[in-house]
Amino acid sequence: DYIYSKQDAYASPVVIERHRLVFFIVPGAGEDTLIQLFRRMMGSTDWKSTRSINQSGLKRLYDYNLAEANRIMTAPDYTRAIMVRDPKERLMSVYVFKAREKDAEIGRNCCGSNEKCISR
């Protein structure tokens, strides 16, 4: 199954055995803060340092053999969770980002040394 493999950095959830937590991290939904929180929960002394999901040192589901990973995913004493952003807010954020990117491209291509630049 996809969540048991290393194919995608975000496919396999973080496992915190001490707290019986399995957490799926979603890019763009506070992932840096969640990584810091989980590193702190796991007792990392430099938990404040910003690291990517692959460099975080967090234990992932793919670190377990298949039998143990299946047990974790089906055990009633484990909490499985995911945090997502509001879809409307996420869509608006992408739209604003792309609009700013487009404005910057227009500025690079139109303005500057070009005398025929039309102000908007």
# chains A, B, ... in the order shown; residues from 1 in each chain; ligands from 1

$ residues_around --residues "Arg18 of chain A" --least-positions-apart "3" --cutoff "9 Å" --atoms "only C-alpha atoms" --output "ChimeraX atom specification"
/A:21,41-42

$ select_by_dssp --residues "chain A" --states "strand (DSSP E)" --output "list in words"
Val14, Val15, Ile16, Leu21, Val22, Phe23, Phe24, Thr79, Arg80, Ala81 and Ile82 of chain A

$ atom_distance --atom1 "atom CA of Ala75 of chain A" --atom2 "atom CA of Gln7 of chain A"
24.4 Å

$ closest_residue --among "A:Phe38, A:Phe24, A:Tyr4, A:Trp47" --to "Leu61 of chain A" --atoms "only C-alpha atoms"
A:Tyr4

$ closest_residue --among "A:Tyr64, A:Tyr2, A:Phe23, A:Tyr95" --to "Arg80 of chain A" --atoms "only C-alpha atoms"
A:Phe23

$ closest_atom_pairs --of "segment 21-79 of chain A" --to "segment 83-92 of chain A" --cutoff "10 Å" --atoms "only C-alpha atoms" --output "CSV"
residue,atom,partner,partner_atom,distance
A:Phe23,CA,A:Met83,CA,8.5
A:Phe24,CA,A:Met83,CA,7.7
A:Ile25,CA,A:Met83,CA,7.2
A:Val26,CA,A:Val84,CA,6.8
A:Pro27,CA,A:Val84,CA,9.0
A:Gly28,CA,A:Arg85,CA,8.0
A:Ala29,CA,A:Arg85,CA,5.6
A:Gly30,CA,A:Met83,CA,8.5
A:Glu31,CA,A:Met83,CA,9.4
A:Leu34,CA,A:Met83,CA,9.6

$ write_last_selection --atoms "C-alpha atoms" --output "compact mmCIF listing (two decimals), in the first residue's frame"
# COMPACT_ATOMS: atom_id res chain seq x y z
CA PHE A 23 -0.32 11.52 12.09
CA PHE A 24 -0.53 12.22 8.37
CA ILE A 25 1.23 15.51 7.58
CA VAL A 26 -0.24 17.52 4.70
CA PRO A 27 2.00 20.01 2.87
CA GLY A 28 0.76 23.58 3.28
CA ALA A 29 -1.27 22.82 6.41
CA GLY A 30 1.21 23.93 9.08
CA GLU A 31 3.72 21.20 8.34
CA LEU A 34 3.75 20.06 13.22

$ residues_around --residues "Ala69 of chain A" --least-positions-apart "6" --cutoff "12 Å" --atoms "only C-alpha atoms" --output "list in words"
Asp1, Ile3, Tyr4, Ser5, Ser12, Pro13, Val14, Val15, Glu17, Val22, Lys59, Arg60, Leu61, Tyr62, Asp63, Ala75 and Tyr78 of chain A

$ select_by_dssp --residues "chain A" --states "helix (DSSP H, G or I)" --output "PyMOL selection string"
chain A and resi 2-4+17-19+31-41+61-63+66-74+87-110

$ closest_residue --among "A:Thr45, A:Ala99, A:Ile53, A:Arg20" --to "Asp8 of chain A" --atoms "only C-alpha atoms"
A:Ile53

$ atom_distance --atom1 "atom CA of Asn65 of chain A" --atom2 "atom CA of Ser49 of chain A"
29.3 Å

$ decode --residues "segment 4-41 of chain A" --atoms "N, CA, C and O atoms" --output "PDB file, in the first residue's frame"
ATOM      1  N   TYR A   4       2.776   2.700   3.170  1.00  0.00           N
ATOM      2  CA  TYR A   4       3.867   1.909   3.724  1.00  0.00           C
ATOM      3  C   TYR A   4       5.177   2.088   2.956  1.00  0.00           C
ATOM      4  O   TYR A   4       6.176   1.487   3.286  1.00  0.00           O
ATOM      5  N   SER A   5       5.160   2.933   1.921  1.00  0.00           N
ATOM      6  CA  SER A   5       6.349   3.079   1.076  1.00  0.00           C
ATOM      7  C   SER A   5       6.978   4.465   1.235  1.00  0.00           C
ATOM      8  O   SER A   5       6.391   5.368   1.807  1.00  0.00           O
ATOM      9  N   LYS A   6       8.166   4.601   0.673  1.00  0.00           N
ATOM     10  CA  LYS A   6       8.901   5.872   0.707  1.00  0.00           C
ATOM     11  C   LYS A   6       8.733   6.657  -0.588  1.00  0.00           C
ATOM     12  O   LYS A   6       9.507   7.563  -0.863  1.00  0.00           O
ATOM     13  N   GLN A   7       7.723   6.335  -1.383  1.00  0.00           N
ATOM     14  CA  GLN A   7       7.534   6.955  -2.693  1.00  0.00           C
ATOM     15  C   GLN A   7       7.333   8.465  -2.608  1.00  0.00           C
ATOM     16  O   GLN A   7       7.777   9.207  -3.463  1.00  0.00           O
ATOM     17  N   ASP A   8       6.632   8.899  -1.611  1.00  0.00           N
ATOM     18  CA  ASP A   8       6.282  10.309  -1.463  1.00  0.00           C
ATOM     19  C   ASP A   8       6.603  10.710  -0.025  1.00  0.00           C
ATOM     20  O   ASP A   8       6.256  10.000   0.917  1.00  0.00           O
ATOM     21  N   ALA A   9       7.238  11.866   0.151  1.00  0.00           N
ATOM     22  CA  ALA A   9       7.647  12.305   1.485  1.00  0.00           C
ATOM     23  C   ALA A   9       6.473  12.425   2.446  1.00  0.00           C
ATOM     24  O   ALA A   9       6.616  12.240   3.643  1.00  0.00           O
ATOM     25  N   TYR A  10       5.294  12.733   1.925  1.00  0.00           N
ATOM     26  CA  TYR A  10       4.142  12.950   2.788  1.00  0.00           C
ATOM     27  C   TYR A  10       3.168  11.773   2.824  1.00  0.00           C
ATOM     28  O   TYR A  10       2.164  11.825   3.526  1.00  0.00           O
ATOM     29  N   ALA A  11       3.425  10.727   2.089  1.00  0.00           N
ATOM     30  CA  ALA A  11       2.491   9.595   2.028  1.00  0.00           C
ATOM     31  C   ALA A  11       2.487   8.790   3.324  1.00  0.00           C
ATOM     32  O   ALA A  11       1.440   8.379   3.801  1.00  0.00           O
ATOM     33  N   SER A  12       3.650   8.554   3.879  1.00  0.00           N
ATOM     34  CA  SER A  12       3.754   7.726   5.074  1.00  0.00           C
ATOM     35  C   SER A  12       3.624   8.607   6.325  1.00  0.00           C
ATOM     36  O   SER A  12       4.345   9.589   6.476  1.00  0.00           O
ATOM     37  N   PRO A  13       2.724   8.253   7.232  1.00  0.00           N
ATOM     38  CA  PRO A  13       2.502   9.098   8.410  1.00  0.00           C
ATOM     39  C   PRO A  13       3.626   8.992   9.440  1.00  0.00           C
ATOM     40  O   PRO A  13       4.404   8.043   9.440  1.00  0.00           O
ATOM     41  N   VAL A  14       3.655   9.983  10.312  1.00  0.00           N
ATOM     42  CA  VAL A  14       4.574   9.997  11.457  1.00  0.00           C
ATOM     43  C   VAL A  14       3.961   9.116  12.542  1.00  0.00           C
ATOM     44  O   VAL A  14       2.748   9.167  12.774  1.00  0.00           O
ATOM     45  N   VAL A  15       4.793   8.329  13.218  1.00  0.00           N
ATOM     46  CA  VAL A  15       4.323   7.465  14.297  1.00  0.00           C
ATOM     47  C   VAL A  15       5.053   7.863  15.575  1.00  0.00           C
ATOM     48  O   VAL A  15       6.278   7.876  15.618  1.00  0.00           O
ATOM     49  N   ILE A  16       4.276   8.201  16.602  1.00  0.00           N
ATOM     50  CA  ILE A  16       4.851   8.514  17.911  1.00  0.00           C
ATOM     51  C   ILE A  16       4.312   7.457  18.872  1.00  0.00           C
ATOM     52  O   ILE A  16       3.195   7.574  19.390  1.00  0.00           O
ATOM     53  N   GLU A  17       5.109   6.427  19.079  1.00  0.00           N
ATOM     54  CA  GLU A  17       4.671   5.276  19.867  1.00  0.00           C
ATOM     55  C   GLU A  17       4.315   5.657  21.302  1.00  0.00           C
ATOM     56  O   GLU A  17       3.327   5.165  21.842  1.00  0.00           O
ATOM     57  N   ARG A  18       5.120   6.496  21.901  1.00  0.00           N
ATOM     58  CA  ARG A  18       4.918   6.885  23.311  1.00  0.00           C
ATOM     59  C   ARG A  18       3.522   7.472  23.543  1.00  0.00           C
ATOM     60  O   ARG A  18       2.922   7.266  24.581  1.00  0.00           O
ATOM     61  N   HIS A  19       3.039   8.199  22.558  1.00  0.00           N
ATOM     62  CA  HIS A  19       1.724   8.836  22.677  1.00  0.00           C
ATOM     63  C   HIS A  19       0.644   8.110  21.877  1.00  0.00           C
ATOM     64  O   HIS A  19      -0.481   8.600  21.775  1.00  0.00           O
ATOM     65  N   ARG A  20       1.011   6.964  21.292  1.00  0.00           N
ATOM     66  CA  ARG A  20       0.075   6.172  20.497  1.00  0.00           C
ATOM     67  C   ARG A  20      -0.612   7.026  19.433  1.00  0.00           C
ATOM     68  O   ARG A  20      -1.830   7.054  19.305  1.00  0.00           O
ATOM     69  N   LEU A  21       0.217   7.735  18.663  1.00  0.00           N
ATOM     70  CA  LEU A  21      -0.285   8.673  17.658  1.00  0.00           C
ATOM     71  C   LEU A  21       0.282   8.341  16.282  1.00  0.00           C
ATOM     72  O   LEU A  21       1.486   8.132  16.128  1.00  0.00           O
ATOM     73  N   VAL A  22      -0.586   8.318  15.303  1.00  0.00           N
ATOM     74  CA  VAL A  22      -0.210   8.187  13.889  1.00  0.00           C
ATOM     75  C   VAL A  22      -0.766   9.441  13.227  1.00  0.00           C
ATOM     76  O   VAL A  22      -1.968   9.680  13.256  1.00  0.00           O
ATOM     77  N   PHE A  23       0.122  10.245  12.632  1.00  0.00           N
ATOM     78  CA  PHE A  23      -0.323  11.525  12.092  1.00  0.00           C
ATOM     79  C   PHE A  23       0.136  11.682  10.651  1.00  0.00           C
ATOM     80  O   PHE A  23       1.329  11.583  10.348  1.00  0.00           O
ATOM     81  N   PHE A  24      -0.818  11.964   9.773  1.00  0.00           N
ATOM     82  CA  PHE A  24      -0.531  12.224   8.369  1.00  0.00           C
ATOM     83  C   PHE A  24      -0.293  13.720   8.205  1.00  0.00           C
ATOM     84  O   PHE A  24      -1.191  14.516   8.480  1.00  0.00           O
ATOM     85  N   ILE A  25       0.900  14.103   7.782  1.00  0.00           N
ATOM     86  CA  ILE A  25       1.229  15.514   7.579  1.00  0.00           C
ATOM     87  C   ILE A  25       0.880  15.902   6.147  1.00  0.00           C
ATOM     88  O   ILE A  25       1.248  15.217   5.200  1.00  0.00           O
ATOM     89  N   VAL A  26       0.169  17.020   6.001  1.00  0.00           N
ATOM     90  CA  VAL A  26      -0.242  17.524   4.698  1.00  0.00           C
ATOM     91  C   VAL A  26       0.577  18.768   4.383  1.00  0.00           C
ATOM     92  O   VAL A  26       0.636  19.695   5.198  1.00  0.00           O
ATOM     93  N   PRO A  27       1.243  18.820   3.219  1.00  0.00           N
ATOM     94  CA  PRO A  27       2.000  20.014   2.873  1.00  0.00           C
ATOM     95  C   PRO A  27       1.087  21.233   2.773  1.00  0.00           C
ATOM     96  O   PRO A  27      -0.013  21.152   2.241  1.00  0.00           O
ATOM     97  N   GLY A  28       1.536  22.342   3.334  1.00  0.00           N
ATOM     98  CA  GLY A  28       0.756  23.577   3.281  1.00  0.00           C
ATOM     99  C   GLY A  28      -0.270  23.708   4.388  1.00  0.00           C
ATOM    100  O   GLY A  28      -1.029  24.659   4.416  1.00  0.00           O
ATOM    101  N   ALA A  29      -0.311  22.768   5.302  1.00  0.00           N
ATOM    102  CA  ALA A  29      -1.266  22.825   6.415  1.00  0.00           C
ATOM    103  C   ALA A  29      -0.501  22.843   7.740  1.00  0.00           C
ATOM    104  O   ALA A  29      -0.736  22.029   8.630  1.00  0.00           O
ATOM    105  N   GLY A  30       0.443  23.774   7.846  1.00  0.00           N
ATOM    106  CA  GLY A  30       1.214  23.927   9.083  1.00  0.00           C
ATOM    107  C   GLY A  30       2.260  22.859   9.294  1.00  0.00           C
ATOM    108  O   GLY A  30       2.589  22.524  10.426  1.00  0.00           O
ATOM    109  N   GLU A  31       2.803  22.332   8.207  1.00  0.00           N
ATOM    110  CA  GLU A  31       3.723  21.199   8.337  1.00  0.00           C
ATOM    111  C   GLU A  31       4.970  21.509   9.155  1.00  0.00           C
ATOM    112  O   GLU A  31       5.431  20.682   9.938  1.00  0.00           O
ATOM    113  N   ASP A  32       5.544  22.713   9.011  1.00  0.00           N
ATOM    114  CA  ASP A  32       6.754  23.056   9.774  1.00  0.00           C
ATOM    115  C   ASP A  32       6.477  23.049  11.271  1.00  0.00           C
ATOM    116  O   ASP A  32       7.260  22.515  12.064  1.00  0.00           O
ATOM    117  N   THR A  33       5.362  23.624  11.657  1.00  0.00           N
ATOM    118  CA  THR A  33       4.986  23.665  13.075  1.00  0.00           C
ATOM    119  C   THR A  33       4.712  22.256  13.600  1.00  0.00           C
ATOM    120  O   THR A  33       5.114  21.911  14.709  1.00  0.00           O
ATOM    121  N   LEU A  34       4.036  21.441  12.811  1.00  0.00           N
ATOM    122  CA  LEU A  34       3.752  20.064  13.225  1.00  0.00           C
ATOM    123  C   LEU A  34       5.034  19.255  13.372  1.00  0.00           C
ATOM    124  O   LEU A  34       5.180  18.489  14.328  1.00  0.00           O
ATOM    125  N   ILE A  35       5.966  19.428  12.454  1.00  0.00           N
ATOM    126  CA  ILE A  35       7.245  18.713  12.548  1.00  0.00           C
ATOM    127  C   ILE A  35       7.968  19.116  13.824  1.00  0.00           C
ATOM    128  O   ILE A  35       8.488  18.267  14.549  1.00  0.00           O
ATOM    129  N   GLN A  36       7.988  20.415  14.132  1.00  0.00           N
ATOM    130  CA  GLN A  36       8.617  20.872  15.375  1.00  0.00           C
ATOM    131  C   GLN A  36       7.916  20.281  16.595  1.00  0.00           C
ATOM    132  O   GLN A  36       8.567  19.822  17.533  1.00  0.00           O
ATOM    133  N   LEU A  37       6.591  20.276  16.587  1.00  0.00           N
ATOM    134  CA  LEU A  37       5.826  19.714  17.699  1.00  0.00           C
ATOM    135  C   LEU A  37       6.146  18.238  17.896  1.00  0.00           C
ATOM    136  O   LEU A  37       6.428  17.795  19.011  1.00  0.00           O
ATOM    137  N   PHE A  38       6.142  17.476  16.816  1.00  0.00           N
ATOM    138  CA  PHE A  38       6.403  16.042  16.924  1.00  0.00           C
ATOM    139  C   PHE A  38       7.846  15.775  17.345  1.00  0.00           C
ATOM    140  O   PHE A  38       8.099  14.844  18.112  1.00  0.00           O
ATOM    141  N   ARG A  39       8.775  16.580  16.868  1.00  0.00           N
ATOM    142  CA  ARG A  39      10.174  16.414  17.293  1.00  0.00           C
ATOM    143  C   ARG A  39      10.304  16.692  18.790  1.00  0.00           C
ATOM    144  O   ARG A  39      11.043  16.022  19.499  1.00  0.00           O
ATOM    145  N   ARG A  40       9.571  17.687  19.266  1.00  0.00           N
ATOM    146  CA  ARG A  40       9.587  17.997  20.701  1.00  0.00           C
ATOM    147  C   ARG A  40       8.945  16.863  21.500  1.00  0.00           C
ATOM    148  O   ARG A  40       9.439  16.479  22.562  1.00  0.00           O
ATOM    149  N   MET A  41       7.831  16.327  21.002  1.00  0.00           N
ATOM    150  CA  MET A  41       7.170  15.210  21.678  1.00  0.00           C
ATOM    151  C   MET A  41       8.064  13.979  21.757  1.00  0.00           C
ATOM    152  O   MET A  41       7.968  13.192  22.698  1.00  0.00           O
TER     153      MET A  41
END
